[in-house]
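A.B. asks: CSV, C-alpha atoms and all ligand atoms, saved as coords.csv, coming up:
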```csv
chain,number,residue,atom,x,y,z
A,802,MET,CA,23.5,91.3,125.5
A,803,ARG,CA,27.2,90.7,124.9
A,804,ILE,CA,29.4,91.7,127.9
A,805,GLY,CA,33.1,91.5,128.1
A,806,ALA,CA,34.8,90.1,131.2
A,807,ILE,CA,38.4,90.2,132.2
A,808,GLU,CA,39.9,88.3,135.1
A,809,ALA,CA,43.2,90.0,135.4
A,810,GLY,CA,45.3,87.8,137.6
A,811,GLY,CA,48.9,88.1,138.7
A,812,THR,CA,49.6,84.7,137.1
A,813,LYS,CA,47.2,84.6,134.2
A,814,PHE,CA,44.7,86.8,132.4
A,815,VAL,CA,41.3,85.3,131.4
A,816,CYS,CA,39.2,87.2,128.9
A,817,GLY,CA,35.7,86.2,128.0
A,818,ILE,CA,32.3,87.1,126.5
A,819,GLY,CA,29.1,86.4,128.3
A,820,ASP,CA,25.5,87.5,128.7
A,821,GLU,CA,23.1,88.8,131.3
A,822,SER,CA,22.3,85.3,132.6
A,823,GLY,CA,25.9,84.7,133.6
A,824,ARG,CA,26.6,82.3,130.7
A,825,ILE,CA,30.1,82.6,129.3
A,826,GLU,CA,30.1,81.8,125.6
A,827,ASP,CA,33.7,82.2,124.8
A,828,GLN,CA,37.0,82.7,126.7
A,829,ILE,CA,40.7,82.6,126.4
A,830,SER,CA,43.6,82.7,128.8
A,831,PHE,CA,47.2,83.6,128.7
A,832,PRO,CA,50.0,84.1,131.3
A,833,THR,CA,50.5,87.5,132.7
A,834,GLY,CA,53.7,89.0,131.3
A,835,HIS,CA,54.8,92.6,131.1
A,836,PRO,CA,51.8,94.9,130.3
A,837,ASP,CA,53.4,95.7,126.9
A,838,GLN,CA,52.9,92.1,126.0
A,839,THR,CA,49.8,91.3,127.9
A,840,MET,CA,47.5,94.3,127.1
A,841,PRO,CA,47.7,94.0,123.3
A,842,LYS,CA,46.5,90.4,123.7
A,843,VAL,CA,43.5,91.7,125.7
A,844,ILE,CA,42.8,94.4,123.2
A,845,ASP,CA,43.1,91.9,120.3
A,846,TYR,CA,40.6,89.6,121.9
A,847,PHE,CA,37.9,92.2,122.3
A,848,GLN,CA,38.4,93.9,119.0
A,849,GLY,CA,35.4,93.4,116.7
A,850,LYS,CA,33.5,91.5,119.4
A,851,GLU,CA,31.1,94.4,119.8
A,852,VAL,CA,30.6,94.1,123.6
A,853,GLU,CA,28.3,96.6,125.3
A,854,ALA,CA,30.4,96.8,128.4
A,855,ILE,CA,33.5,95.3,130.0
A,856,GLY,CA,34.0,94.3,133.6
A,857,ILE,CA,37.4,93.8,135.1
A,858,GLY,CA,38.3,92.0,138.3
A,859,SER,CA,42.0,92.7,138.8
A,860,PHE,CA,44.9,91.6,141.0
A,861,GLY,CA,46.1,94.4,143.1
A,862,PRO,CA,46.5,96.5,145.0
A,863,ILE,CA,44.5,98.7,142.6
A,864,ASP,CA,42.9,102.1,142.8
A,865,ILE,CA,39.1,101.8,142.8
A,866,ALA,CA,38.4,105.2,144.5
A,867,HIS,CA,36.1,107.2,142.1
A,868,GLY,CA,37.6,110.6,141.5
A,869,SER,CA,41.1,109.6,142.4
A,870,PRO,CA,43.7,110.8,139.8
A,871,THR,CA,45.0,107.2,139.6
A,872,TYR,CA,41.6,105.5,139.5
A,873,GLY,CA,42.0,102.4,137.4
A,874,TYR,CA,45.6,101.9,138.1
A,875,VAL,CA,47.4,98.9,139.5
A,876,THR,CA,49.4,100.6,142.3
A,877,THR,CA,52.2,99.0,144.3
A,878,THR,CA,52.7,95.5,142.9
A,879,PRO,CA,56.2,94.1,142.5
A,880,LYS,CA,55.2,92.5,139.2
A,881,PRO,CA,57.5,94.0,136.5
A,882,GLY,CA,55.8,96.8,134.5
A,883,TRP,CA,52.6,96.8,136.5
A,884,ALA,CA,53.3,99.1,139.4
A,885,ASN,CA,51.5,102.4,138.7
A,886,TYR,CA,50.1,101.0,135.5
A,887,ASN,CA,46.9,102.5,134.1
A,888,LEU,CA,45.1,99.2,133.3
A,889,LEU,CA,41.6,100.5,133.1
A,890,GLY,CA,42.6,103.7,131.1
A,891,THR,CA,44.5,101.7,128.6
A,892,LEU,CA,41.4,99.7,127.7
A,893,LYS,CA,39.1,102.8,127.9
A,894,GLN,CA,41.1,104.5,125.2
A,895,VAL,CA,40.3,101.6,122.8
A,896,PHE,CA,36.8,100.6,123.7
A,897,PRO,CA,34.2,103.3,124.2
A,898,VAL,CA,31.9,101.3,126.5
A,899,PRO,CA,31.0,101.4,130.2
A,900,PHE,CA,33.6,99.6,132.4
A,901,GLY,CA,33.2,97.9,135.7
A,902,TRP,CA,36.4,97.8,137.7
A,903,ASP,CA,37.1,96.2,141.1
A,904,THR,CA,39.5,93.8,142.8
A,905,ASP,CA,39.6,90.1,141.6
A,906,VAL,CA,38.1,89.0,144.9
A,907,ASN,CA,35.3,91.6,145.0
A,908,ALA,CA,34.5,90.5,141.4
A,909,ALA,CA,34.4,86.9,142.6
A,910,VAL,CA,32.1,87.6,145.6
A,911,TYR,CA,29.8,89.6,143.3
A,912,GLY,CA,29.6,86.8,140.8
A,913,GLU,CA,28.8,84.3,143.6
A,914,VAL,CA,26.1,86.6,144.9
A,915,LYS,CA,24.6,87.0,141.4
A,916,TRP,CA,24.8,83.5,140.1
A,917,GLY,CA,26.7,81.2,142.5
A,918,ALA,CA,26.7,79.9,146.0
A,919,ALA,CA,25.5,83.1,147.7
A,920,GLN,CA,22.6,84.0,145.4
A,921,GLY,CA,20.2,86.5,147.0
A,922,MET,CA,22.4,87.1,150.0
A,923,SER,CA,23.4,90.6,151.2
A,924,ASN,CA,26.4,89.6,153.3
A,925,CYS,CA,29.1,87.3,152.0
A,926,LEU,CA,32.8,86.9,151.7
A,927,TYR,CA,35.0,85.3,149.0
A,928,ILE,CA,38.4,84.3,150.1
A,929,THR,CA,41.0,83.1,147.7
A,930,VAL,CA,44.0,81.0,148.9
A,931,GLY,CA,46.4,80.8,146.1
A,932,THR,CA,49.7,82.6,145.3
A,933,GLY,CA,48.4,85.2,147.7
A,934,ILE,CA,45.4,85.4,149.9
A,935,GLY,CA,42.6,87.9,149.1
A,936,VAL,CA,39.3,88.7,150.6
A,937,GLY,CA,36.3,90.1,148.7
A,938,VAL,CA,33.6,91.6,150.9
A,939,TYR,CA,30.0,92.1,150.0
A,940,ALA,CA,28.1,93.7,152.9
A,941,GLU,CA,24.6,95.0,153.2
A,942,GLY,CA,24.1,94.5,149.5
A,943,ARG,CA,27.2,96.3,148.3
A,944,LEU,CA,30.8,95.6,147.5
A,945,VAL,CA,33.0,97.1,150.2
A,946,HIS,CA,35.7,99.4,149.0
A,947,GLY,CA,36.4,101.6,152.1
A,948,LEU,CA,39.5,103.7,152.1
A,949,VAL,CA,41.4,101.6,149.5
A,950,HIS,CA,39.9,98.2,149.5
A,951,PRO,CA,39.9,95.4,152.0
A,952,GLU,CA,43.2,93.5,152.3
A,953,GLY,CA,42.0,90.7,154.4
A,954,GLY,CA,44.9,88.4,153.3
A,955,HIS,CA,47.3,90.3,155.5
A,956,VAL,CA,45.5,90.1,158.8
A,957,LEU,CA,47.7,89.1,161.7
A,958,THR,CA,47.3,85.5,162.9
A,959,ARG,CA,47.6,83.6,166.1
A,960,ARG,CA,50.5,81.1,165.6
A,961,HIS,CA,50.0,77.4,165.5
A,962,PRO,CA,51.6,75.9,168.6
A,963,GLU,CA,53.8,73.5,166.6
A,964,ASP,CA,54.8,76.0,163.9
A,965,ASP,CA,58.1,77.8,164.0
A,966,PHE,CA,58.0,79.0,160.4
A,967,ALA,CA,58.9,82.7,160.1
A,968,GLY,CA,56.4,83.5,157.4
A,969,ILE,CA,57.2,85.0,154.0
A,970,CYS,CA,55.1,88.1,153.5
A,971,PRO,CA,57.6,90.8,152.5
A,972,TYR,CA,55.6,93.4,154.5
A,973,HIS,CA,54.6,91.5,157.6
A,974,GLY,CA,56.4,88.2,157.7
A,975,ASP,CA,53.8,86.0,159.5
A,976,CYS,CA,50.5,87.6,158.5
A,977,LEU,CA,47.9,85.2,157.1
A,978,GLU,CA,49.3,85.3,153.5
A,979,GLY,CA,52.8,84.9,154.8
A,980,MET,CA,51.8,81.8,156.7
A,981,ALA,CA,49.1,80.1,154.6
A,982,ALA,CA,49.3,81.1,150.9
A,983,GLY,CA,50.5,78.5,148.4
A,984,PRO,CA,54.1,79.7,148.4
A,985,ALA,CA,54.2,79.7,152.3
A,986,ILE,CA,53.2,76.0,152.2
A,987,GLU,CA,56.0,75.3,149.8
A,988,ALA,CA,58.5,77.3,151.8
A,989,ARG,CA,57.5,75.6,155.1
A,990,TRP,CA,57.4,72.0,153.9
A,991,GLY,CA,59.8,72.1,150.9
A,992,LYS,CA,57.1,70.8,148.6
A,993,LYS,CA,54.3,72.3,146.7
A,994,GLY,CA,50.8,71.8,148.1
A,995,HIS,CA,49.7,69.4,145.5
A,996,GLU,CA,52.7,67.2,146.2
A,997,LEU,CA,51.9,66.8,149.9
A,998,PRO,CA,49.8,63.7,150.9
A,999,GLU,CA,46.2,64.3,152.0
A,1000,ASP,CA,47.0,63.3,155.6
A,1001,HIS,CA,50.1,65.5,155.9
A,1002,GLN,CA,50.3,67.7,159.0
A,1003,ALA,CA,50.5,70.7,156.6
A,1004,TRP,CA,46.7,70.6,156.1
A,1005,GLU,CA,45.8,70.7,159.8
A,1006,MET,CA,48.1,73.6,160.1
A,1007,GLU,CA,46.7,75.3,157.0
A,1008,ALA,CA,43.2,74.9,158.3
A,1009,PHE,CA,44.2,76.3,161.6
A,1010,TYR,CA,45.4,79.6,160.0
A,1011,ILE,CA,42.5,79.9,157.6
A,1012,ALA,CA,40.0,79.1,160.3
A,1013,GLY,CA,41.6,81.8,162.5
A,1014,ALA,CA,41.0,84.4,159.9
A,1015,LEU,CA,37.5,83.1,159.2
A,1016,THR,CA,36.6,83.3,162.9
A,1017,ASP,CA,37.7,86.9,162.9
A,1018,THR,CA,35.7,87.8,159.9
A,1019,ILE,CA,32.6,86.0,161.2
A,1020,LEU,CA,32.9,88.0,164.4
A,1021,LEU,CA,33.6,91.3,162.6
A,1022,LEU,CA,31.3,91.2,159.6
A,1023,SER,CA,28.7,88.5,160.4
A,1024,PRO,CA,28.7,87.1,156.8
A,1025,GLN,CA,25.8,84.8,155.7
A,1026,LYS,CA,28.2,82.6,153.8
A,1027,ILE,CA,31.9,82.3,153.3
A,1028,ILE,CA,33.2,81.0,150.0
A,1029,LEU,CA,36.8,79.7,149.7
A,1030,GLY,CA,38.5,79.5,146.4
A,1031,GLY,CA,42.0,79.5,144.9
A,1032,GLY,CA,44.5,76.8,144.1
A,1033,VAL,CA,45.2,75.7,147.7
A,1034,MET,CA,41.5,75.1,148.3
A,1035,GLN,CA,41.7,72.4,145.6
A,1036,GLN,CA,42.6,70.2,148.5
A,1037,PRO,CA,39.1,69.0,149.5
A,1038,GLN,CA,40.2,67.7,152.9
A,1039,LEU,CA,40.7,71.3,154.0
A,1040,PHE,CA,37.0,72.1,154.1
A,1041,PRO,CA,36.0,69.8,157.0
A,1042,LEU,CA,39.2,70.7,158.9
A,1043,ILE,CA,38.5,74.4,158.5
A,1044,ARG,CA,34.8,74.0,159.5
A,1045,GLU,CA,35.7,72.1,162.6
A,1046,ALA,CA,38.4,74.6,163.6
A,1047,VAL,CA,36.0,77.5,163.2
A,1048,ARG,CA,33.4,75.7,165.2
A,1049,ARG,CA,36.0,75.1,168.0
A,1050,ASN,CA,37.1,78.7,167.8
A,1051,LEU,CA,33.6,80.1,168.1
A,1052,ASN,CA,32.7,77.6,170.8
A,1053,GLY,CA,29.0,78.1,170.5
A,1054,TYR,CA,29.2,81.9,171.0
A,1055,VAL,CA,27.6,82.9,167.7
A,1056,SER,CA,24.1,81.5,167.9
A,1057,SER,CA,23.1,81.0,164.4
A,1058,ASN,CA,21.8,77.8,162.9
A,1059,SER,CA,24.1,78.3,159.9
A,1060,ILE,CA,27.1,78.0,162.2
A,1061,LEU,CA,25.8,75.6,164.8
A,1062,ASP,CA,24.0,73.1,162.6
A,1063,HIS,CA,24.8,73.8,158.9
A,1064,MET,CA,28.5,74.6,158.8
A,1065,GLU,CA,28.9,72.5,155.6
A,1066,GLU,CA,26.6,74.9,153.8
A,1067,TYR,CA,28.2,78.0,155.5
A,1068,ILE,CA,31.8,77.6,154.5
A,1069,VAL,CA,31.8,76.3,150.9
A,1070,ALA,CA,33.6,76.1,147.6
A,1071,PRO,CA,32.6,78.6,144.9
A,1072,GLY,CA,29.2,77.7,143.3
A,1073,LEU,CA,30.7,78.9,140.0
A,1074,GLY,CA,33.8,76.8,140.5
A,1075,GLN,CA,36.8,78.0,138.5
A,1076,GLN,CA,34.6,80.5,136.7
A,1077,ALA,CA,33.9,82.6,139.8
A,1078,GLY,CA,36.4,85.3,138.9
A,1079,LEU,CA,35.4,85.6,135.2
A,1080,CYS,CA,31.6,85.5,136.0
A,1081,GLY,CA,32.2,88.1,138.6
A,1082,ALA,CA,33.9,90.3,136.0
A,1083,LEU,CA,30.9,89.8,133.8
A,1084,ALA,CA,28.6,90.8,136.6
A,1085,LEU,CA,30.7,94.0,137.1
A,1086,GLY,CA,30.4,94.7,133.4
A,1087,LEU,CA,26.6,94.3,133.5
A,1088,SER,CA,26.4,96.6,136.5
A,1089,ALA,CA,28.4,99.2,134.7
A,1090,ILE,CA,25.6,99.4,132.1
A,1091,SER,CA,23.0,100.1,134.6
A,1092,ASN,CA,25.4,102.5,136.3
A,1093,LYS,CA,25.0,100.6,139.5
A,1094,VAL,CA,28.7,100.1,139.8
A,1095,SER,CA,29.3,103.8,140.7
A,1096,SER,CA,27.0,103.3,143.6
A,1097,ILE,CA,28.6,100.2,145.0
B,1,LIG,P1,46.9,82.5,141.5
B,1,LIG,O1,46.6,82.8,143.0
B,1,LIG,O2,48.3,82.8,141.1
B,1,LIG,O3,45.8,83.2,140.6
B,1,LIG,P2,46.1,79.8,142.1
B,1,LIG,O4,44.8,80.2,142.7
B,1,LIG,O5,46.0,78.6,141.2
B,1,LIG,O6,46.7,81.0,141.2
B,1,LIG,O7,47.1,79.5,143.2
B,1,LIG,C1,48.4,79.1,143.0
B,1,LIG,C2,49.0,78.5,144.3
B,1,LIG,O8,48.1,77.5,144.7
B,1,LIG,C3,50.4,78.0,144.2
B,1,LIG,O9,51.1,78.3,145.3
B,1,LIG,C4,50.1,76.5,144.1
B,1,LIG,O10,51.2,75.7,144.7
B,1,LIG,C5,48.9,76.3,144.9
B,1,LIG,N1,48.1,75.2,144.4
B,1,LIG,C6,47.6,75.0,143.2
B,1,LIG,N2,47.0,73.9,143.0
B,1,LIG,C7,47.0,73.2,144.2
B,1,LIG,C8,46.5,72.0,144.7
B,1,LIG,N3,45.9,71.1,144.0
B,1,LIG,N4,46.8,71.7,146.0
B,1,LIG,C9,47.5,72.6,146.8
B,1,LIG,N5,48.0,73.7,146.4
B,1,LIG,C10,47.8,74.1,145.1
B,2,ZN,ZN,51.3,90.5,154.8
```
Would you write the structure of this file as structure tokens?
Ligand code: ADP
Ligand code: ZN

C.D. replies:
Amino acid sequence: MRIGAIEAGGTKFVCGIGDESGRIEDQISFPTGHPDQTMPKVIDYFQGKEVEAIGIGSFGPIDIAHGSPTYGYVTTTPKPGWANYNLLGTLKQVFPVPFGWDTDVNAAVYGEVKWGAAQGMSNCLYITVGTGIGVGVYAEGRLVHGLVHPEGGHVLTRRHPEDDFAGICPYHGDCLEGMAAGPAIEARWGKKGHELPEDHQAWEMEAFYIAGALTDTILLLSPQKIILGGGVMQQPQLFPLIREAVRRNLNGYVSSNSILDHMEEYIVAPGLGQQAGLCGALALGLSAISNKVSSI
């Protein structure tokens, strides 16, 4: 089976071909420009590749409400050319195959459930900490869409006692993304994350904010595993700091062995590594064939 996969990111697009075992046999990547430049590259890539379906995990916000007149659109992004852009429809016009369509983080969590760190689980979260913060939610065996789709990157946070940074979210100022996404680290400390030393105070503060949000999601959704990806999580020292802060926050209240005794297997990096998003898009494409996607 040949399935197309598109990880449509705000910074870069990754297109690939894979099969039903999750193996990616070919892929390309290019920076995200104006859709007039970017979409022809996507179309060129899949032309003649004879895929049976295509799955797309997209940056957002996007419309994933079946039956909505703007289903398949990117909605309110400030990225030039992409606001109210019919991303899915543009590809459907060219390729007469079933399409899977969801947020980039929902795709990633789905990929991790199918082939990665959360295989066989019914409740799992994928959180990316990069240019923005996004949360993909898989609950009771389904991807969660809800009213629009979860926007867990913008939850409100408790402030670190030594932090007077105002936050940079254009909507909320000091929401999680405004305080802890890559650009917030850069704005607060005057250096990009990868330029800060491993023992810099930035990482304890970063862990504080991420752990606060994880604590809330653990209490709210009771996930069986939390997967943390994205550029900022390339700092491996964050994982133990986050696990410790979550443990402190919960203070023994949630009585599960996963949390009390096996935190290092509970809050983890993606099992699929950098391929989580693309494999997730592949999984969405596969589901589109069996029509499962319309029921998730
Ligand atoms: P995007 O979110 O745009 O898809 P990334 O997940 O790579 O892309 O996130 C980019 C953000 O992550 C930038 O703000 C960048 O400074 C930060 N970042 C990338 N690599 C690292 C690293 N090794 N350490 C800390 N921060 C990083
Ligand atoms: Zn916000």

A.B. asks: So that I can check the surroundings of Ala981 of chain A, please list as a PDB file with C-alpha atoms, keeping the file's coordinate frame every protein, DNA and RNA residue that reaches within 10 Å of it, counting all atoms listed in the file and ignoring chain neighbours fewer than 6 positions away.

C.D. replies:
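Result saved to result37.pdb:
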```pdb
ATOM      1  CA  VAL A 930      44.000  81.000 148.900  1.00  0.00           C
ATOM      2  CA  GLY A 931      46.400  80.800 146.100  1.00  0.00           C
ATOM      3  CA  THR A 932      49.700  82.600 145.300  1.00  0.00           C
ATOM      4  CA  GLY A 933      48.400  85.200 147.700  1.00  0.00           C
ATOM      5  CA  ILE A 934      45.400  85.400 149.900  1.00  0.00           C
ATOM      6  CA  GLY A 954      44.900  88.400 153.300  1.00  0.00           C
ATOM      7  CA  GLY A 968      56.400  83.500 157.400  1.00  0.00           C
ATOM      8  CA  ILE A 969      57.200  85.000 154.000  1.00  0.00           C
ATOM      9  CA  ASP A 975      53.800  86.000 159.500  1.00  0.00           C
ATOM     10  CA  GLU A 987      56.000  75.300 149.800  1.00  0.00           C
ATOM     11  CA  ARG A 989      57.500  75.600 155.100  1.00  0.00           C
ATOM     12  CA  ALA A1003      50.500  70.700 156.600  1.00  0.00           C
ATOM     13  CA  TRP A1004      46.700  70.600 156.100  1.00  0.00           C
ATOM     14  CA  MET A1006      48.100  73.600 160.100  1.00  0.00           C
ATOM     15  CA  GLU A1007      46.700  75.300 157.000  1.00  0.00           C
ATOM     16  CA  ALA A1008      43.200  74.900 158.300  1.00  0.00           C
ATOM     17  CA  PHE A1009      44.200  76.300 161.600  1.00  0.00           C
ATOM     18  CA  TYR A1010      45.400  79.600 160.000  1.00  0.00           C
ATOM     19  CA  ILE A1011      42.500  79.900 157.600  1.00  0.00           C
ATOM     20  CA  VAL A1033      45.200  75.700 147.700  1.00  0.00           C
TER      21      VAL A1033
END
```

A.B. asks: Please identify every polymer residue within 9 Å of ligand LIG 1 (chain B), using all atoms listed in the file, and present the set as a PyMOL selection string.

C.D. replies: chain A and resi 809-813+860+929-935+982-987+992-997+1030-1037

A.B. asks: Please list as a ChimeraX atom specification every residue within 6 Å of segment 1066-1069 of chain A, counting only C-alpha atoms and excluding residues in the same chain fewer than 6 positions away.

C.D. replies: /A:1026-1028

A.B. asks: Counting only C-alpha atoms and all ligand atoms, name the residues that have an atom within 6 Å of an atom of ligand ZN 2 (chain B); the answer should be given as a list in words.

C.D. replies: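 Answer in the requested format: His955, Cys970, Tyr972, His973, Cys976, Glu978 and Gly979 of chain A.
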
A.B. asks: Fewer than 6 positions away in the same chain doesn't count, so skip those; otherwise give me all residues within 9 Å of Met840 of chain A, counting all atoms listed in the file, as a list of chain:residue names.

C.D. replies: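 The filter keeps A:Leu888, A:Thr891, A:Leu892.
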
A.B. asks: At a cut-off of 8 Å around the point (38.3, 88.7, 131.3) (file coordinates), what residues fall inside when counting all atoms listed in the file? I'd like the answer as a list in words.

C.D. replies: Gly805, Ala806, Ile807, Glu808, Ala809, Phe814, Val815, Cys816, Gly817, Ile818, Gln828, Gly856, Ile857, Gly858, Leu1079, Ala1082 and Leu1083 of chain A

A.B. asks: Please dump the current selection as a PDB file, in the coordinates of the input; keep C-alpha atoms.

C.D. replies:
```
ATOM      1  CA  GLY A 805      33.100  91.500 128.100  1.00  0.00           C
ATOM      2  CA  ALA A 806      34.800  90.100 131.200  1.00  0.00           C
ATOM      3  CA  ILE A 807      38.400  90.200 132.200  1.00  0.00           C
ATOM      4  CA  GLU A 808      39.900  88.300 135.100  1.00  0.00           C
ATOM      5  CA  ALA A 809      43.200  90.000 135.400  1.00  0.00           C
ATOM      6  CA  PHE A 814      44.700  86.800 132.400  1.00  0.00           C
ATOM      7  CA  VAL A 815      41.300  85.300 131.400  1.00  0.00           C
ATOM      8  CA  CYS A 816      39.200  87.200 128.900  1.00  0.00           C
ATOM      9  CA  GLY A 817      35.700  86.200 128.000  1.00  0.00           C
ATOM     10  CA  ILE A 818      32.300  87.100 126.500  1.00  0.00           C
ATOM     11  CA  GLN A 828      37.000  82.700 126.700  1.00  0.00           C
ATOM     12  CA  GLY A 856      34.000  94.300 133.600  1.00  0.00           C
ATOM     13  CA  ILE A 857      37.400  93.800 135.100  1.00  0.00           C
ATOM     14  CA  GLY A 858      38.300  92.000 138.300  1.00  0.00           C
ATOM     15  CA  LEU A1079      35.400  85.600 135.200  1.00  0.00           C
ATOM     16  CA  ALA A1082      33.900  90.300 136.000  1.00  0.00           C
ATOM     17  CA  LEU A1083      30.900  89.800 133.800  1.00  0.00           C
TER      18      LEU A1083
END
```

A.B. asks: Could you give me, as number ranges by chain, the residues within 7 Å of Ile804 of chain A, counting all atoms listed in the file and dropping anything in the same chain fewer than 2 positions from it?

C.D. replies: A: 802, 806, 818-820, 852-855, 1083, 1086-1087

A.B. asks: Find, counting all atoms listed in the file, the residue in A:Val914, A:Ile1019, A:Ile865, A:Ala1012 that gets nearest to Gly947 of chain A.

C.D. replies: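 Among the listed residues, the smallest separation from Gly947 of chain A belongs to A:Ile865.
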
A.B. asks: If we count only C-alpha atoms, what is near Asp845 of chain A at a cut-off of 12 Å, once residues fewer than 6 positions away on the same chain are taken out, given as a list of chain:residue names?

C.D. replies: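 Selected residues are A:Cys816, A:Ile829, A:Gln838, A:Thr839, A:Leu892, A:Val895, A:Phe896.
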
A.B. asks: Kindly indicate which residue among A:Ala919, A:Leu948, A:Ala1070, A:Leu977 lies nearest to Ala1014 of chain A, using only C-alpha atoms for the distances.

C.D. replies: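 For Ala1014 of chain A, the nearest of the given residues is A:Leu977.
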
A.B. asks: Using only C-alpha atoms, can you tell me which of A:Leu889, A:Val898, A:Ala988, A:Ala866 comes closest to Ile1090 of chain A?

C.D. replies: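 Among A:Leu889, A:Val898, A:Ala988, A:Ala866, it is A:Val898 that comes nearest to Ile1090 of chain A.
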
A.B. asks: Dump as a compact mmCIF listing (two decimals) with C-alpha atoms, in the coordinates of the input all residues having an atom at most 7 Å from (38.1, 95.6, 145.7), computed in the file's coordinates with only C-alpha atoms.

C.D. replies:
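Output saved as result21.txt:
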```txt
# COMPACT_ATOMS: atom_id res chain seq x y z
CA ILE A 865 39.10 101.80 142.80
CA ASP A 903 37.10 96.20 141.10
CA THR A 904 39.50 93.80 142.80
CA VAL A 906 38.10 89.00 144.90
CA ASN A 907 35.30 91.60 145.00
CA GLY A 937 36.30 90.10 148.70
CA VAL A 945 33.00 97.10 150.20
CA HIS A 946 35.70 99.40 149.00
CA HIS A 950 39.90 98.20 149.50
CA PRO A 951 39.90 95.40 152.00
```

A.B. asks: How many Å lie between atom CA of Pro879 of chain A and atom CA of Asp837 of chain A, rounded to one decimal?

C.D. replies: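 Distance reported for this atom pair: 15.9 Å.
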
A.B. asks: Record the distance separating atom CA of Leu957 of chain A and atom CA of Pro1071 of chain A, expressed in Å with one decimal.

C.D. replies: 24.9 Å

A.B. asks: Distance atom CA of Asp1017 of chain A-atom CA of Pro998 of chain A, one decimal place?

C.D. replies: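 Computing the Euclidean distance for atom CA of Asp1017 of chain A and atom CA of Pro998 of chain A yields 28.8 Å.
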
A.B. asks: Pick out the closest residue to Glu821 of chain A from this set: A:Tyr939, A:Tyr874, A:Trp883, A:Trp916. Count all atoms listed in the file.

C.D. replies: A:Trp916

A.B. asks: Where atoms are absent from segment 817-821 of chain A, fill them in so it carries all heavy atoms, then output it as a PDB file, in the coordinates of the input.

C.D. replies:
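result-v2.pdb, written as the output of this step:
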```
ATOM      1  N   GLY A 817      36.822  86.927 128.479  1.00  0.00           N
ATOM      2  CA  GLY A 817      35.700  86.200 128.000  1.00  0.00           C
ATOM      3  C   GLY A 817      34.538  87.079 127.560  1.00  0.00           C
ATOM      4  O   GLY A 817      34.551  88.290 127.792  1.00  0.00           O
ATOM      5  N   ILE A 818      33.555  86.455 126.932  1.00  0.00           N
ATOM      6  CA  ILE A 818      32.300  87.100 126.500  1.00  0.00           C
ATOM      7  C   ILE A 818      31.172  86.366 127.162  1.00  0.00           C
ATOM      8  O   ILE A 818      31.156  85.136 127.118  1.00  0.00           O
ATOM      9  CB  ILE A 818      32.117  87.070 124.994  1.00  0.00           C
ATOM     10  CG1 ILE A 818      33.362  87.541 124.244  1.00  0.00           C
ATOM     11  CG2 ILE A 818      30.861  87.836 124.581  1.00  0.00           C
ATOM     12  CD1 ILE A 818      33.509  89.018 124.147  1.00  0.00           C
ATOM     13  N   GLY A 819      30.229  87.108 127.738  1.00  0.00           N
ATOM     14  CA  GLY A 819      29.100  86.400 128.300  1.00  0.00           C
ATOM     15  C   GLY A 819      27.830  87.267 128.181  1.00  0.00           C
ATOM     16  O   GLY A 819      27.845  88.330 127.543  1.00  0.00           O
ATOM     17  N   ASP A 820      26.762  86.776 128.791  1.00  0.00           N
ATOM     18  CA  ASP A 820      25.500  87.500 128.700  1.00  0.00           C
ATOM     19  C   ASP A 820      24.904  87.773 130.076  1.00  0.00           C
ATOM     20  O   ASP A 820      25.506  87.442 131.098  1.00  0.00           O
ATOM     21  CB  ASP A 820      24.505  86.738 127.787  1.00  0.00           C
ATOM     22  CG  ASP A 820      24.113  85.388 128.383  1.00  0.00           C
ATOM     23  OD1 ASP A 820      24.271  85.195 129.602  1.00  0.00           O
ATOM     24  OD2 ASP A 820      23.635  84.530 127.618  1.00  0.00           O
ATOM     25  N   GLU A 821      23.707  88.363 130.065  1.00  0.00           N
ATOM     26  CA  GLU A 821      23.100  88.800 131.300  1.00  0.00           C
ATOM     27  C   GLU A 821      22.643  87.683 132.223  1.00  0.00           C
ATOM     28  O   GLU A 821      22.306  87.894 133.379  1.00  0.00           O
ATOM     29  CB  GLU A 821      21.952  89.799 131.060  1.00  0.00           C
ATOM     30  CG  GLU A 821      20.757  89.197 130.352  1.00  0.00           C
ATOM     31  CD  GLU A 821      20.914  89.159 128.839  1.00  0.00           C
ATOM     32  OE1 GLU A 821      22.051  89.303 128.342  1.00  0.00           O
ATOM     33  OE2 GLU A 821      19.905  88.962 128.148  1.00  0.00           O
TER      34      GLU A 821
END
```
